[in-house]
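Report on the following structure.
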Amino acid sequence: MNRTVFLIGTDHKYQHNSPLYEEVSIEAIDEFKDYISKVCCDNDIEGIGEEFQQTDLKKDRERSVPKEIALNLKICHKYCSPSDDETQMLGWQPTLYQKRRESIAEFDIRDWENDKIKEYGWIQNILDLNRWPLLFICGSKHINSFTHLLSNSSIKVHVVNENWEHKKK
């Protein structure tokens with residue numbers, strides 16, 4: 001079986017609307033939808049996975065753009081972020097605080113190492129979905145580390161875009 005993942009990194013504000021992020025124009029969302037659709041069609045994508053939890057839709061987000069694309073293209077979709085309980089079992093800490101005498105740079109490194117733990121849950125959910133080739137959409141900061149993790153899991157990786165952004169006109 002040819003297990004291949006196509007990766008798109010982006011700012012989460014394009015992935016879903018949320019009051020936590022700056023407002024994104026309809027034009028930007030439409031451009032992102034067109035981009036994802038083209039990548040799917042050009043690469044015979046069988047499924048879309050994304051860094052996101054379905055429970056987040058109930059909290060502060062109203063939609064998932066990748067899910068809308070998957071429904072439109074009639075392909076599989078999976079929210080791949082592990083639940084809070086699963087991430088804690090992986091060793092993720094929900095809140096980190098800067099330690100006394102710890103520099104901001106040291107804290108940022110420790111915070112990033114904590115955040116990367118979630119990527120192990122993504123891998124498991126991608127394998128559970130078992131649709132190849134797969135398009136995976138995540139935050140841009142994860143592209144390099146997740147590429148290595150996928151490769152180390154014997155999954156072929158194509159980085160389509162490290163940081164997709166709306167082209168303001």
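Chain identifiers are assigned as A, B, and so on, following the order in which chains appear in the structure tokens; residues are numbered from 1 within each chain, and ligands are numbered from 1 in order of appearance.
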
Determine which residues of chain A DSSP labels as helix (DSSP H, G or I) from the backbone of this structure, then write them out as a short mmCIF file (atom, residue, chain, number, x, y, z; two decimals) with N, CA and C atoms, in the first residue's frame.
```
data_model
loop_
_atom_site.label_atom_id
_atom_site.label_comp_id
_atom_site.auth_asym_id
_atom_site.auth_seq_id
_atom_site.Cartn_x
_atom_site.Cartn_y
_atom_site.Cartn_z
N HIS A 12 -4.58 28.84 11.44
CA HIS A 12 -5.87 28.21 11.73
C HIS A 12 -7.06 29.11 11.39
N LYS A 13 -6.84 30.39 11.27
CA LYS A 13 -7.96 31.29 10.96
C LYS A 13 -8.58 30.98 9.60
N TYR A 14 -7.81 30.38 8.69
CA TYR A 14 -8.36 29.99 7.39
C TYR A 14 -9.08 28.64 7.46
N GLN A 15 -8.71 27.85 8.42
CA GLN A 15 -9.23 26.50 8.57
C GLN A 15 -10.65 26.51 9.14
N ILE A 26 -14.72 36.46 3.38
CA ILE A 26 -15.32 35.40 2.57
C ILE A 26 -14.42 35.10 1.38
N GLU A 27 -13.81 36.15 0.82
CA GLU A 27 -12.89 35.98 -0.30
C GLU A 27 -11.71 35.07 0.07
N ALA A 28 -11.16 35.27 1.28
CA ALA A 28 -10.03 34.45 1.73
C ALA A 28 -10.45 32.99 1.92
N ILE A 29 -11.60 32.78 2.54
CA ILE A 29 -12.10 31.41 2.75
C ILE A 29 -12.35 30.74 1.40
N ASP A 30 -12.96 31.46 0.47
CA ASP A 30 -13.21 30.90 -0.87
C ASP A 30 -11.90 30.54 -1.57
N GLU A 31 -10.90 31.40 -1.42
CA GLU A 31 -9.59 31.12 -2.04
C GLU A 31 -8.98 29.86 -1.42
N PHE A 32 -9.10 29.69 -0.10
CA PHE A 32 -8.59 28.51 0.58
C PHE A 32 -9.34 27.26 0.12
N LYS A 33 -10.66 27.36 0.01
CA LYS A 33 -11.46 26.23 -0.48
C LYS A 33 -11.02 25.82 -1.88
N ASP A 34 -10.85 26.81 -2.76
CA ASP A 34 -10.43 26.52 -4.13
C ASP A 34 -9.06 25.84 -4.14
N TYR A 35 -8.17 26.34 -3.29
CA TYR A 35 -6.81 25.78 -3.22
C TYR A 35 -6.85 24.32 -2.77
N ILE A 36 -7.57 24.05 -1.69
CA ILE A 36 -7.67 22.68 -1.18
C ILE A 36 -8.30 21.77 -2.23
N SER A 37 -9.37 22.25 -2.85
CA SER A 37 -10.06 21.43 -3.86
C SER A 37 -9.13 21.08 -5.01
N LYS A 38 -8.35 22.05 -5.45
CA LYS A 38 -7.41 21.80 -6.55
C LYS A 38 -6.35 20.78 -6.15
N VAL A 39 -5.80 20.93 -4.95
CA VAL A 39 -4.80 19.97 -4.47
C VAL A 39 -5.41 18.57 -4.43
N CYS A 40 -6.65 18.46 -3.96
CA CYS A 40 -7.32 17.15 -3.88
C CYS A 40 -7.52 16.55 -5.26
N CYS A 41 -7.99 17.34 -6.20
CA CYS A 41 -8.25 16.84 -7.55
C CYS A 41 -6.96 16.50 -8.29
N ASP A 42 -5.94 17.34 -8.13
CA ASP A 42 -4.67 17.12 -8.82
C ASP A 42 -3.93 15.88 -8.32
N GLN A 54 -13.32 17.74 16.85
CA GLN A 54 -14.73 17.99 16.57
C GLN A 54 -15.39 18.74 17.72
N THR A 55 -14.97 18.49 18.94
CA THR A 55 -15.57 19.18 20.08
C THR A 55 -15.31 20.68 20.03
N ASP A 56 -14.25 21.10 19.32
CA ASP A 56 -13.98 22.53 19.18
C ASP A 56 -15.09 23.24 18.42
N LEU A 57 -15.77 22.53 17.53
CA LEU A 57 -16.87 23.14 16.80
C LEU A 57 -17.97 23.59 17.75
N LYS A 58 -18.14 22.88 18.82
CA LYS A 58 -19.18 23.22 19.77
C LYS A 58 -18.75 24.34 20.71
N LYS A 59 -17.45 24.55 20.84
CA LYS A 59 -16.96 25.54 21.79
C LYS A 59 -16.97 26.95 21.20
N VAL A 65 -13.53 24.31 7.32
CA VAL A 65 -13.41 24.45 5.86
C VAL A 65 -12.97 23.13 5.22
N PRO A 66 -11.95 22.41 5.77
CA PRO A 66 -11.58 21.13 5.16
C PRO A 66 -12.72 20.12 5.15
N LYS A 67 -13.53 20.09 6.20
CA LYS A 67 -14.67 19.16 6.23
C LYS A 67 -15.67 19.52 5.12
N GLU A 68 -15.92 20.81 4.91
CA GLU A 68 -16.82 21.25 3.85
C GLU A 68 -16.31 20.78 2.49
N ILE A 69 -15.00 20.88 2.27
CA ILE A 69 -14.40 20.44 1.01
C ILE A 69 -14.57 18.93 0.84
N ALA A 70 -14.28 18.18 1.90
CA ALA A 70 -14.42 16.71 1.83
C ALA A 70 -15.86 16.32 1.49
N LEU A 71 -16.82 16.96 2.11
CA LEU A 71 -18.23 16.66 1.82
C LEU A 71 -18.55 16.99 0.36
N ASN A 72 -18.06 18.12 -0.09
CA ASN A 72 -18.30 18.54 -1.48
C ASN A 72 -17.69 17.57 -2.48
N LEU A 73 -16.48 17.07 -2.17
CA LEU A 73 -15.78 16.16 -3.08
C LEU A 73 -16.17 14.69 -2.85
N ASP A 84 -8.57 15.83 24.71
CA ASP A 84 -7.76 16.33 25.82
C ASP A 84 -7.24 15.19 26.68
N ASP A 85 -8.08 14.18 26.93
CA ASP A 85 -7.64 13.03 27.72
C ASP A 85 -6.52 12.26 27.01
N GLU A 86 -6.68 12.07 25.69
CA GLU A 86 -5.66 11.35 24.91
C GLU A 86 -4.34 12.11 24.90
N THR A 87 -4.40 13.44 24.74
CA THR A 87 -3.15 14.21 24.71
C THR A 87 -2.46 14.16 26.06
N GLN A 88 -3.24 14.17 27.14
CA GLN A 88 -2.61 14.08 28.45
C GLN A 88 -1.98 12.71 28.67
N MET A 89 -2.60 11.65 28.11
CA MET A 89 -1.99 10.31 28.20
C MET A 89 -0.68 10.27 27.41
N LEU A 90 -0.57 11.09 26.35
CA LEU A 90 0.67 11.16 25.58
C LEU A 90 1.74 11.99 26.30
N ILE A 104 12.55 33.63 28.42
CA ILE A 104 11.42 33.50 27.49
C ILE A 104 11.77 32.51 26.39
N ALA A 105 13.00 32.54 25.91
CA ALA A 105 13.43 31.61 24.86
C ALA A 105 13.37 30.17 25.36
N GLU A 106 13.81 29.94 26.59
CA GLU A 106 13.76 28.59 27.16
C GLU A 106 12.31 28.13 27.32
N PHE A 107 11.45 29.03 27.79
CA PHE A 107 10.04 28.69 27.93
C PHE A 107 9.41 28.37 26.58
N ASP A 108 9.73 29.18 25.56
CA ASP A 108 9.17 28.94 24.22
C ASP A 108 9.56 27.57 23.69
N ILE A 109 10.80 27.16 23.93
CA ILE A 109 11.25 25.83 23.50
C ILE A 109 10.48 24.74 24.24
N ARG A 110 10.34 24.89 25.53
CA ARG A 110 9.61 23.91 26.34
C ARG A 110 8.13 23.85 25.93
N ASP A 111 7.54 25.01 25.67
CA ASP A 111 6.15 25.08 25.23
C ASP A 111 5.97 24.40 23.87
N TRP A 112 6.93 24.62 22.95
CA TRP A 112 6.86 24.00 21.62
C TRP A 112 7.00 22.48 21.73
N GLU A 113 7.92 22.01 22.57
CA GLU A 113 8.09 20.57 22.76
C GLU A 113 6.80 19.95 23.31
N ASN A 114 6.13 20.65 24.17
CA ASN A 114 4.85 20.19 24.71
C ASN A 114 3.80 20.13 23.60
N ASP A 115 3.75 21.16 22.78
CA ASP A 115 2.75 21.24 21.71
C ASP A 115 2.94 20.13 20.66
N LYS A 116 4.21 19.78 20.39
CA LYS A 116 4.49 18.74 19.39
C LYS A 116 3.97 17.37 19.80
N LYS A 118 1.13 16.45 20.56
CA LYS A 118 -0.15 16.18 19.91
C LYS A 118 0.02 15.51 18.56
N GLU A 119 1.15 15.73 17.91
CA GLU A 119 1.38 15.17 16.58
C GLU A 119 1.32 13.64 16.59
N TYR A 120 1.69 13.02 17.69
CA TYR A 120 1.62 11.55 17.78
C TYR A 120 0.18 11.08 17.68
N GLY A 121 -0.74 11.85 18.23
CA GLY A 121 -2.16 11.53 18.09
C GLY A 121 -2.64 11.69 16.66
N TRP A 122 -2.11 12.69 15.96
CA TRP A 122 -2.49 12.88 14.55
C TRP A 122 -2.12 11.65 13.73
N ILE A 123 -0.90 11.15 13.97
CA ILE A 123 -0.43 9.97 13.23
C ILE A 123 -1.40 8.80 13.43
N GLN A 124 -1.77 8.54 14.66
CA GLN A 124 -2.66 7.42 14.94
C GLN A 124 -4.00 7.60 14.24
N ASN A 125 -4.53 8.81 14.25
CA ASN A 125 -5.81 9.07 13.58
C ASN A 125 -5.70 8.98 12.06
N ILE A 126 -4.58 9.37 11.52
CA ILE A 126 -4.34 9.22 10.07
C ILE A 126 -4.31 7.74 9.71
N LEU A 127 -3.60 6.95 10.51
CA LEU A 127 -3.52 5.51 10.25
C LEU A 127 -4.89 4.85 10.41
N ASP A 128 -5.67 5.31 11.38
CA ASP A 128 -7.02 4.78 11.57
C ASP A 128 -7.92 5.11 10.38
N LEU A 129 -7.77 6.30 9.82
CA LEU A 129 -8.57 6.69 8.65
C LEU A 129 -8.22 5.79 7.47
N SER A 140 1.04 25.96 10.46
CA SER A 140 2.33 26.05 9.75
C SER A 140 3.52 25.66 10.62
N LYS A 141 3.45 25.96 11.90
CA LYS A 141 4.61 25.69 12.76
C LYS A 141 4.89 24.19 12.90
N HIS A 142 3.93 23.35 12.53
CA HIS A 142 4.09 21.90 12.66
C HIS A 142 4.68 21.22 11.41
N ILE A 143 4.81 21.93 10.32
CA ILE A 143 5.18 21.29 9.06
C ILE A 143 6.49 20.50 9.16
N ASN A 144 7.54 21.10 9.66
CA ASN A 144 8.83 20.40 9.70
C ASN A 144 8.82 19.21 10.65
N SER A 145 8.34 19.42 11.86
CA SER A 145 8.35 18.32 12.83
C SER A 145 7.40 17.21 12.41
N PHE A 146 6.23 17.56 11.86
CA PHE A 146 5.29 16.53 11.47
C PHE A 146 5.76 15.78 10.23
N THR A 147 6.46 16.46 9.34
CA THR A 147 7.04 15.80 8.17
C THR A 147 8.00 14.69 8.63
N HIS A 148 8.86 15.01 9.60
CA HIS A 148 9.80 14.01 10.13
C HIS A 148 9.08 12.87 10.81
N LEU A 149 8.05 13.18 11.56
CA LEU A 149 7.30 12.13 12.26
C LEU A 149 6.60 11.20 11.27
N LEU A 150 6.00 11.76 10.24
CA LEU A 150 5.37 10.94 9.20
C LEU A 150 6.40 10.05 8.51
N SER A 151 7.52 10.64 8.12
CA SER A 151 8.57 9.88 7.44
C SER A 151 9.08 8.74 8.32
N ASN A 152 9.25 9.02 9.61
CA ASN A 152 9.71 7.99 10.54
C ASN A 152 8.67 6.90 10.76
#
```

- Backbone DSSP call of strand (DSSP E or B) for stretch 6-154 of chain A, listed as number ranges by chain: A: 6-10, 47-50, 76-79, 134-139

Those same residues, written as a PDB file, in the first residue's frame with N, CA and C atoms?
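And here is the file that came out, result_26.pdb:
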```
ATOM      1  N   PHE A   6      -0.111  14.402   1.772  1.00  0.00           N
ATOM      2  CA  PHE A   6       0.171  15.732   1.248  1.00  0.00           C
ATOM      3  C   PHE A   6      -0.125  16.713   2.370  1.00  0.00           C
ATOM      4  N   LEU A   7       0.843  17.569   2.699  1.00  0.00           N
ATOM      5  CA  LEU A   7       0.705  18.490   3.827  1.00  0.00           C
ATOM      6  C   LEU A   7       0.505  19.925   3.374  1.00  0.00           C
ATOM      7  N   ILE A   8      -0.436  20.592   4.018  1.00  0.00           N
ATOM      8  CA  ILE A   8      -0.618  22.037   3.848  1.00  0.00           C
ATOM      9  C   ILE A   8      -0.564  22.664   5.231  1.00  0.00           C
ATOM     10  N   GLY A   9       0.358  23.581   5.411  1.00  0.00           N
ATOM     11  CA  GLY A   9       0.416  24.360   6.642  1.00  0.00           C
ATOM     12  C   GLY A   9      -0.283  25.688   6.420  1.00  0.00           C
ATOM     13  N   THR A  10      -0.948  26.163   7.436  1.00  0.00           N
ATOM     14  CA  THR A  10      -1.639  27.446   7.326  1.00  0.00           C
ATOM     15  C   THR A  10      -1.889  28.011   8.708  1.00  0.00           C
ATOM     16  N   GLY A  47      -8.861  11.203   1.135  1.00  0.00           N
ATOM     17  CA  GLY A  47      -9.349  11.652   2.433  1.00  0.00           C
ATOM     18  C   GLY A  47      -8.631  12.914   2.877  1.00  0.00           C
ATOM     19  N   ILE A  48      -9.286  13.649   3.749  1.00  0.00           N
ATOM     20  CA  ILE A  48      -8.703  14.866   4.326  1.00  0.00           C
ATOM     21  C   ILE A  48      -8.689  14.712   5.838  1.00  0.00           C
ATOM     22  N   GLY A  49      -7.529  14.946   6.423  1.00  0.00           N
ATOM     23  CA  GLY A  49      -7.387  14.990   7.874  1.00  0.00           C
ATOM     24  C   GLY A  49      -6.964  16.390   8.265  1.00  0.00           C
ATOM     25  N   GLU A  50      -7.290  16.772   9.481  1.00  0.00           N
ATOM     26  CA  GLU A  50      -6.889  18.111   9.907  1.00  0.00           C
ATOM     27  C   GLU A  50      -6.593  18.171  11.389  1.00  0.00           C
ATOM     28  N   CYS A  76     -13.507  11.053   2.309  1.00  0.00           N
ATOM     29  CA  CYS A  76     -13.485  10.925   3.771  1.00  0.00           C
ATOM     30  C   CYS A  76     -12.843  12.150   4.423  1.00  0.00           C
ATOM     31  N   HIS A  77     -13.242  12.384   5.651  1.00  0.00           N
ATOM     32  CA  HIS A  77     -12.681  13.471   6.446  1.00  0.00           C
ATOM     33  C   HIS A  77     -12.525  12.980   7.877  1.00  0.00           C
ATOM     34  N   LYS A  78     -11.480  13.463   8.553  1.00  0.00           N
ATOM     35  CA  LYS A  78     -11.301  13.108   9.963  1.00  0.00           C
ATOM     36  C   LYS A  78     -10.659  14.275  10.705  1.00  0.00           C
ATOM     37  N   TYR A  79     -11.249  14.612  11.853  1.00  0.00           N
ATOM     38  CA  TYR A  79     -10.602  15.528  12.785  1.00  0.00           C
ATOM     39  C   TYR A  79      -9.545  14.702  13.497  1.00  0.00           C
ATOM     40  N   LEU A 134      -3.667  10.971   1.274  1.00  0.00           N
ATOM     41  CA  LEU A 134      -4.403  11.789   2.221  1.00  0.00           C
ATOM     42  C   LEU A 134      -3.863  13.207   2.192  1.00  0.00           C
ATOM     43  N   LEU A 135      -4.751  14.171   2.314  1.00  0.00           N
ATOM     44  CA  LEU A 135      -4.345  15.565   2.503  1.00  0.00           C
ATOM     45  C   LEU A 135      -4.488  15.868   3.984  1.00  0.00           C
ATOM     46  N   PHE A 136      -3.439  16.446   4.587  1.00  0.00           N
ATOM     47  CA  PHE A 136      -3.497  16.825   5.992  1.00  0.00           C
ATOM     48  C   PHE A 136      -3.210  18.303   6.118  1.00  0.00           C
ATOM     49  N   ILE A 137      -4.067  18.979   6.879  1.00  0.00           N
ATOM     50  CA  ILE A 137      -3.947  20.429   7.062  1.00  0.00           C
ATOM     51  C   ILE A 137      -3.672  20.691   8.532  1.00  0.00           C
ATOM     52  N   CYS A 138      -2.615  21.463   8.780  1.00  0.00           N
ATOM     53  CA  CYS A 138      -2.234  21.765  10.156  1.00  0.00           C
ATOM     54  C   CYS A 138      -1.650  23.166  10.235  1.00  0.00           C
ATOM     55  N   GLY A 139      -1.396  23.598  11.451  1.00  0.00           N
ATOM     56  CA  GLY A 139      -0.735  24.878  11.657  1.00  0.00           C
ATOM     57  C   GLY A 139       0.655  24.854  11.054  1.00  0.00           C
TER      58      GLY A 139
END
```

- For A:Asn43, the nearest of the candidates A:Cys80, A:Val160, A:Ile117, A:Val24, counting only C-alpha atoms: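 For A:Asn43, the nearest of the given residues is A:Val160.
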
- Can you list, as a list in words, every protein, DNA or RNA residue that comes within 7 Å of A:Arg3 when you count only C-alpha atoms, leaving out same-chain residues fewer than 4 positions away? Trp132, Pro133, Ile155 and Lys156 of chain A
